[in-house]
>>> print(open('start.txt').read())   # compact mmCIF, C-alpha atoms
# COMPACT_ATOMS: atom_id res chain seq x y z
CA MET J 1 -152.63 -44.11 34.89
CA LYS J 2 -149.34 -42.91 33.39
CA PRO J 3 -145.99 -43.79 34.98
CA PRO J 4 -144.77 -41.24 37.55
CA LEU J 5 -142.19 -38.61 36.73
CA LEU J 6 -139.08 -38.66 38.90
CA LEU J 7 -136.99 -35.48 38.77
CA ILE J 8 -133.35 -35.98 39.71
CA GLY J 9 -131.41 -33.04 41.15
CA GLN J 10 -127.67 -32.88 41.74
CA GLY J 11 -128.17 -31.64 45.28
CA SER J 12 -126.49 -28.93 47.34
CA ASN J 13 -126.26 -27.76 50.93
CA ASP J 14 -128.22 -24.62 50.10
CA ASP J 15 -131.71 -24.33 51.58
CA ALA J 16 -132.85 -21.77 48.99
CA ASP J 17 -131.98 -24.09 46.11
CA SER J 18 -133.74 -27.02 47.80
CA ALA J 19 -136.83 -24.92 48.50
CA GLU J 20 -137.14 -23.80 44.88
CA PHE J 21 -136.59 -27.37 43.67
CA GLY J 22 -139.43 -28.43 45.98
CA ARG J 23 -141.72 -25.69 44.67
CA PHE J 24 -140.97 -26.75 41.11
CA VAL J 25 -141.80 -30.39 41.91
CA HIS J 26 -145.09 -29.18 43.40
CA ARG J 27 -145.84 -27.13 40.26
CA LEU J 28 -145.31 -30.19 38.08
CA ARG J 29 -147.39 -32.30 40.43
CA CYS J 30 -150.29 -29.90 39.98
CA ARG J 31 -149.83 -29.83 36.20
CA LEU J 32 -149.51 -33.60 35.71
CA ASP J 33 -152.31 -34.39 38.13
CA GLN J 34 -154.62 -33.60 35.21
CA LYS J 35 -152.89 -36.39 33.27
CA ALA J 36 -153.18 -38.83 36.18
CA ALA J 37 -149.42 -38.95 36.67
CA ASP J 38 -147.58 -38.77 39.97
CA VAL J 39 -144.50 -36.55 40.36
CA SER J 40 -141.61 -36.96 42.77
CA GLY J 41 -138.13 -35.55 43.12
CA GLY J 42 -134.88 -36.64 44.74
CA TYR J 43 -131.26 -35.58 44.97
CA LEU J 44 -128.11 -37.50 44.18
CA GLU J 45 -126.28 -36.06 47.19
CA ARG J 46 -126.15 -33.54 50.03
CA ALA J 47 -129.83 -32.51 50.07
CA THR J 48 -133.06 -34.28 50.99
CA PRO J 49 -135.07 -36.08 49.90
CA ARG J 50 -132.43 -38.38 48.48
CA LEU J 51 -133.11 -40.16 45.23
CA SER J 52 -133.19 -43.53 47.01
CA GLU J 53 -135.92 -42.28 49.37
CA SER J 54 -138.10 -40.99 46.54
CA VAL J 55 -137.75 -44.20 44.55
CA ALA J 56 -138.56 -46.32 47.60
CA SER J 57 -141.66 -44.21 48.24
CA LEU J 58 -142.88 -44.62 44.66
CA VAL J 59 -142.33 -48.39 44.75
CA ALA J 60 -144.13 -48.61 48.10
CA ARG J 61 -147.11 -46.88 46.49
CA GLY J 62 -147.24 -49.56 43.81
CA HIS J 63 -145.28 -47.89 41.01
CA HIS J 64 -142.88 -50.28 39.28
CA ARG J 65 -142.25 -48.23 36.17
CA LEU J 66 -141.32 -44.55 36.04
CA VAL J 67 -139.72 -41.85 33.91
CA ALA J 68 -136.45 -40.57 35.39
CA LEU J 69 -135.48 -37.09 34.24
CA PRO J 70 -132.26 -35.30 35.26
CA LEU J 71 -133.11 -31.69 36.08
CA SER J 72 -129.97 -30.41 34.42
CA LEU J 73 -129.15 -27.68 31.90
CA THR J 74 -126.23 -29.65 30.50
CA ARG J 75 -125.88 -33.18 29.25
CA ALA J 76 -126.17 -35.15 32.46
CA GLY J 77 -123.04 -36.99 33.51
CA LYS J 78 -122.69 -40.68 34.19
CA GLU J 79 -123.70 -40.22 37.83
CA TYR J 80 -127.39 -39.91 36.92
CA PRO J 81 -127.82 -43.20 35.02
CA ALA J 82 -125.46 -44.91 37.49
CA ALA J 83 -127.72 -43.80 40.36
CA MET J 84 -130.79 -45.21 38.61
CA GLU J 85 -128.99 -48.50 37.99
CA ARG J 86 -128.32 -48.75 41.73
CA GLU J 87 -131.99 -48.12 42.43
CA GLN J 88 -132.94 -50.89 40.02
CA GLN J 89 -130.64 -53.24 41.90
CA ARG J 90 -132.38 -52.29 45.16
CA HIS J 91 -135.80 -52.78 43.58
CA PRO J 92 -135.59 -55.65 41.06
CA THR J 93 -139.18 -55.08 39.87
CA LEU J 94 -138.45 -51.45 38.97
CA MET J 95 -138.38 -50.43 35.30
CA TYR J 96 -137.64 -46.91 34.16
CA ASP J 97 -137.40 -44.81 31.02
CA TYR J 98 -134.70 -42.17 30.98
CA GLY J 99 -135.62 -38.67 29.79
CA ARG J 100 -133.33 -36.16 28.12
CA PRO J 101 -131.93 -33.34 30.28
CA LEU J 102 -133.29 -29.87 29.58
CA GLY J 103 -130.23 -28.57 27.77
CA PRO J 104 -130.36 -25.41 25.62
CA ASP J 105 -133.99 -25.94 24.64
CA PRO J 106 -135.24 -22.90 22.65
CA ARG J 107 -137.67 -22.13 25.48
CA VAL J 108 -134.84 -22.19 28.02
CA LEU J 109 -132.89 -19.72 25.87
CA ALA J 110 -136.01 -17.54 25.65
CA LEU J 111 -136.21 -17.52 29.46
CA LEU J 112 -132.57 -16.44 29.61
CA ALA J 113 -133.42 -13.65 27.18
CA GLU J 114 -136.22 -12.48 29.50
CA ARG J 115 -133.81 -12.37 32.43
CA LEU J 116 -131.28 -10.48 30.30
CA ASN J 117 -133.83 -7.92 29.14
CA ASP J 118 -135.06 -7.37 32.69
CA ALA J 119 -131.50 -6.62 33.79
CA ALA J 120 -130.87 -4.39 30.77
CA THR J 121 -133.88 -2.16 31.51
CA GLU J 122 -132.79 1.37 32.28
CA MET J 123 -132.93 1.86 36.04
CA PRO J 124 -131.11 3.83 38.72
CA ARG J 125 -127.68 2.36 39.31
CA LEU J 126 -127.02 1.17 42.85
CA ARG J 127 -123.91 1.54 44.87
CA PRO J 128 -121.99 -1.73 45.34
CA LEU J 129 -124.09 -4.12 47.36
CA GLU J 130 -123.22 -5.21 50.85
CA LEU J 131 -123.70 -8.76 52.04
CA VAL J 132 -126.29 -8.99 54.81
CA GLY J 133 -126.89 -12.43 56.24
CA GLY J 134 -125.02 -13.92 53.29
CA ARG J 135 -127.26 -12.16 50.73
CA PRO J 136 -126.55 -9.00 48.72
CA ARG J 137 -128.50 -5.87 49.68
CA PRO J 138 -128.39 -2.48 47.96
CA VAL J 139 -126.99 0.24 50.18
CA GLU J 140 -128.22 3.42 48.48
CA VAL J 141 -128.77 4.97 45.07
CA LEU J 142 -125.96 6.93 43.54
CA PRO J 143 -126.42 10.69 43.14
CA ALA J 144 -127.95 11.80 39.84
CA GLU J 145 -124.63 13.13 38.51
CA LEU J 146 -123.10 9.67 38.94
CA GLN J 147 -125.94 7.78 37.32
CA PRO J 148 -124.91 6.03 34.09
CA ARG J 149 -125.99 7.52 30.81
CA HIS J 150 -128.02 5.52 28.33
CA VAL J 151 -125.95 2.63 27.01
CA ASP J 152 -126.76 1.15 23.62
CA PRO J 153 -126.90 -2.65 23.22
CA GLY J 154 -123.85 -2.38 20.95
CA ASP J 155 -121.87 -1.08 23.92
CA THR J 156 -123.26 -3.75 26.24
CA ALA J 157 -121.63 -7.15 26.66
CA VAL J 158 -123.08 -10.28 28.25
CA VAL J 159 -121.29 -12.84 30.39
CA LEU J 160 -123.11 -16.15 30.53
CA VAL J 161 -121.99 -18.02 33.65
CA GLY J 162 -122.09 -21.79 34.12
CA GLU J 163 -121.22 -23.71 37.25
CA GLY J 164 -117.98 -25.20 35.96
CA SER J 165 -117.00 -28.87 35.79
CA THR J 166 -113.98 -31.16 35.74
CA ALA J 167 -115.43 -32.64 32.54
CA PRO J 168 -114.16 -30.74 29.46
CA ALA J 169 -117.23 -31.73 27.43
CA ALA J 170 -119.55 -30.14 30.01
CA ASN J 171 -117.57 -26.88 29.96
CA ALA J 172 -117.49 -26.89 26.15
CA GLU J 173 -121.27 -27.17 26.16
CA ILE J 174 -121.55 -23.90 28.12
CA HIS J 175 -119.49 -22.20 25.41
CA ARG J 176 -121.88 -23.67 22.84
CA VAL J 177 -124.87 -22.32 24.76
CA SER J 178 -123.28 -18.86 24.84
CA ARG J 179 -122.97 -18.87 21.06
CA LEU J 180 -126.53 -20.15 20.59
CA PHE J 181 -127.83 -17.51 22.98
CA TRP J 182 -125.95 -14.72 21.23
CA GLU J 183 -127.16 -15.67 17.76
CA SER J 184 -130.76 -16.39 18.77
CA HIS J 185 -131.50 -13.72 21.39
CA ALA J 186 -128.61 -11.32 21.97
CA TYR J 187 -127.14 -10.48 18.58
CA ASP J 188 -127.67 -6.74 19.13
CA PHE J 189 -125.25 -6.90 22.04
CA MET J 190 -121.50 -6.51 21.66
CA THR J 191 -120.72 -10.12 22.59
CA VAL J 192 -121.69 -13.01 24.82
CA GLU J 193 -118.68 -14.26 26.76
CA THR J 194 -118.53 -17.45 28.80
CA ALA J 195 -117.42 -17.74 32.43
CA PHE J 196 -117.67 -20.25 35.25
CA VAL J 197 -118.38 -19.97 38.95
CA SER J 198 -115.62 -22.37 39.96
CA VAL J 199 -113.40 -25.33 39.01
CA THR J 200 -112.39 -24.07 35.55
CA PRO J 201 -111.35 -20.72 34.09
CA PRO J 202 -112.31 -18.12 33.19
CA GLY J 203 -114.09 -17.11 36.38
CA VAL J 204 -116.65 -14.33 36.50
CA PRO J 205 -113.95 -11.64 36.94
CA GLY J 206 -112.11 -13.03 33.91
CA GLY J 207 -115.25 -12.81 31.78
CA LEU J 208 -115.90 -9.26 32.93
CA GLU J 209 -112.30 -8.24 32.26
CA ARG J 210 -112.49 -9.55 28.70
CA CYS J 211 -115.65 -7.49 28.10
CA ARG J 212 -113.96 -4.38 29.54
CA ARG J 213 -110.97 -4.82 27.25
CA LEU J 214 -113.32 -5.18 24.28
CA GLY J 215 -114.65 -1.72 25.11
CA ALA J 216 -117.95 -2.53 26.79
CA LYS J 217 -119.55 0.27 28.81
CA ARG J 218 -122.04 -2.07 30.45
CA VAL J 219 -121.81 -5.79 31.19
CA ILE J 220 -124.76 -7.95 32.16
CA VAL J 221 -123.98 -11.19 33.99
CA VAL J 222 -126.51 -13.91 33.09
CA PRO J 223 -126.36 -17.03 35.30
CA TYR J 224 -127.00 -20.23 33.38
CA LEU J 225 -128.61 -21.73 36.47
CA LEU J 226 -132.02 -23.18 37.18
CA PHE J 227 -132.63 -22.03 40.74
CA ALA J 228 -131.45 -19.35 43.14
CA GLY J 229 -129.16 -20.29 46.00
CA GLY J 230 -125.56 -20.31 47.05
CA VAL J 231 -124.17 -20.64 43.52
CA LEU J 232 -126.07 -17.55 42.38
CA GLU J 233 -124.80 -15.61 45.38
CA ARG J 234 -121.24 -16.58 44.45
CA VAL J 235 -121.82 -15.26 40.94
CA TRP J 236 -123.10 -11.96 42.34
CA ALA J 237 -120.28 -11.72 44.87
CA GLN J 238 -117.60 -12.25 42.21
CA ALA J 239 -119.22 -9.68 39.92
CA LEU J 240 -119.53 -7.14 42.72
CA ALA J 241 -115.93 -7.65 43.81
CA TYR J 242 -114.74 -6.97 40.27
CA GLY J 243 -117.07 -3.98 39.94
CA ALA J 244 -115.63 -2.41 43.09
CA GLY J 245 -112.32 -2.03 41.29
CA HIS J 246 -113.88 -0.79 38.04
CA PRO J 247 -116.49 1.84 38.97
CA GLU J 248 -116.53 3.15 35.39
CA LEU J 249 -118.11 -0.11 34.19
CA ASP J 250 -121.86 -0.56 34.65
CA ILE J 251 -122.18 -4.18 35.83
CA ARG J 252 -125.60 -5.75 36.23
CA CYS J 253 -126.60 -9.23 37.34
CA ALA J 254 -129.61 -11.05 35.94
CA GLU J 255 -131.75 -13.52 37.85
CA VAL J 256 -131.72 -17.31 37.40
CA ILE J 257 -134.26 -19.10 35.20
CA GLY J 258 -136.28 -20.06 38.26
CA ASP J 259 -139.46 -21.99 38.98
CA CYS J 260 -141.92 -20.99 36.24
CA GLU J 261 -144.56 -22.36 33.89
CA THR J 262 -142.32 -22.29 30.80
CA LEU J 263 -139.70 -24.43 32.52
CA ALA J 264 -142.48 -26.82 33.52
CA ASP J 265 -143.57 -27.00 29.86
CA VAL J 266 -140.07 -28.14 28.86
CA VAL J 267 -139.98 -30.82 31.56
CA ILE J 268 -143.44 -32.14 30.64
CA ASP J 269 -142.41 -32.38 26.99
CA ARG J 270 -139.34 -34.40 28.00
CA TYR J 271 -141.61 -36.66 30.05
CA GLU J 272 -144.02 -37.22 27.15
CA GLU J 273 -141.11 -37.78 24.78
CA ALA J 274 -139.68 -40.51 27.00
CA LEU J 275 -143.05 -42.26 27.08
CA GLN J 276 -143.34 -42.16 23.29
CA LEU J 277 -139.93 -43.79 22.90
CA VAL J 278 -141.10 -46.89 24.77
CA PRO J 279 -141.51 -49.77 22.28
>>> encode(input="start.txt", output="structure tokens")
Amino acid sequence: MKPPLLLIGQGSNDDADSAEFGRFVHRLRCRLDQKAADVSGGYLERATPRLSESVASLVARGHHRLVALPLSLTRAGKEYPAAMEREQQRHPTLMYDYGRPLGPDPRVLALLAERLNDAATEMPRLRPLELVGGRPRPVEVLPAELQPRHVDPGDTAVVLVGEGSTAPAANAEIHRVSRLFWESHAYDFMTVETAFVSVTPPGVPGGLERCRRLGAKRVIVVPYLLFAGGVLERVWAQALAYGAGHPELDIRCAEVIGDCETLADVVIDRYEEALQLVP
């Protein structure tokens, strides 16, 4: 039997994010069951199950070696390996191999391109959304005379939005992803700008404003996020607030990458890679 896969999430107070993380763990459990490998998941903070609980459960079931994989789109910070070192101190018999974070894997960029193309599809434009129960909801469709005309990709800009970090290297990596995404999947578009939800500038409004000044007629906001939840809603809310003051600009928001088979393929490859690196 192969060592179990332990997915490590950062953790948040958002139930939607936790639920999708749980569904993704279940998807991987079903996939790796064919390879006789157990799958578990735990958070560093705020959400349950905590990493310590998941590790303790695996050890109690007789697993003393595992593959720990940070479920992160950027190079994982020091908190991930530090957390695993603490678990090894709690369980002296535990050995683990550390997998690479997902990063801008070509398949991840392809998923972003799918979300971008879905948002770019010609569709009736909605009035600004209202927040109902903390979630955006379309109010009504604009009259036909106010519907936007066809907009060519060359007049459409993209704002790729990361979470934002106090670590300059992490923020620089989001800029790198924007460039990779533009050259590999969005080169027909006017530009791919970078923005952040919080902590560091530019925010979503700043990214949108830059696109407007460059002459964009349409801007598509693409969240560089794994799962839906509170962070995604903040992205939408910031975009909608900016759009309310610029009705001439067609602003659209793409979905997150989300729980899907392609994302599971990337994680399984990281798992197999970590096993192959074992001497």
>>> atom_distance(input="start.txt", atom1="atom CA of J:Ala167", atom2="atom CA of J:Val197")
14.5 Å
>>> closest_residue(input="start.txt", among="J:Phe181, J:Trp236, J:Tyr43, J:Tyr96", to="J:Leu71", atoms="only C-alpha atoms")
J:Tyr43
>>> residues_around(input="start.txt", residues="J:Ile174", least_positions_apart="5", cutoff="12 Å", atoms="all atoms listed in the file", output="VMD selection string")
chain J and resid 73 to 75 103 to 104 159 to 165 167 to 169 179 to 181 192 to 197 200 223 to 225
>>> closest_residue(input="start.txt", among="J:Met84, J:Ile257, J:Met1, J:Leu7", to="J:His63", atoms="all atoms listed in the file")
J:Met1
>>> atom_distance(input="start.txt", atom1="atom CA of J:Leu66", atom2="atom CA of J:Glu273")
13.1 Å
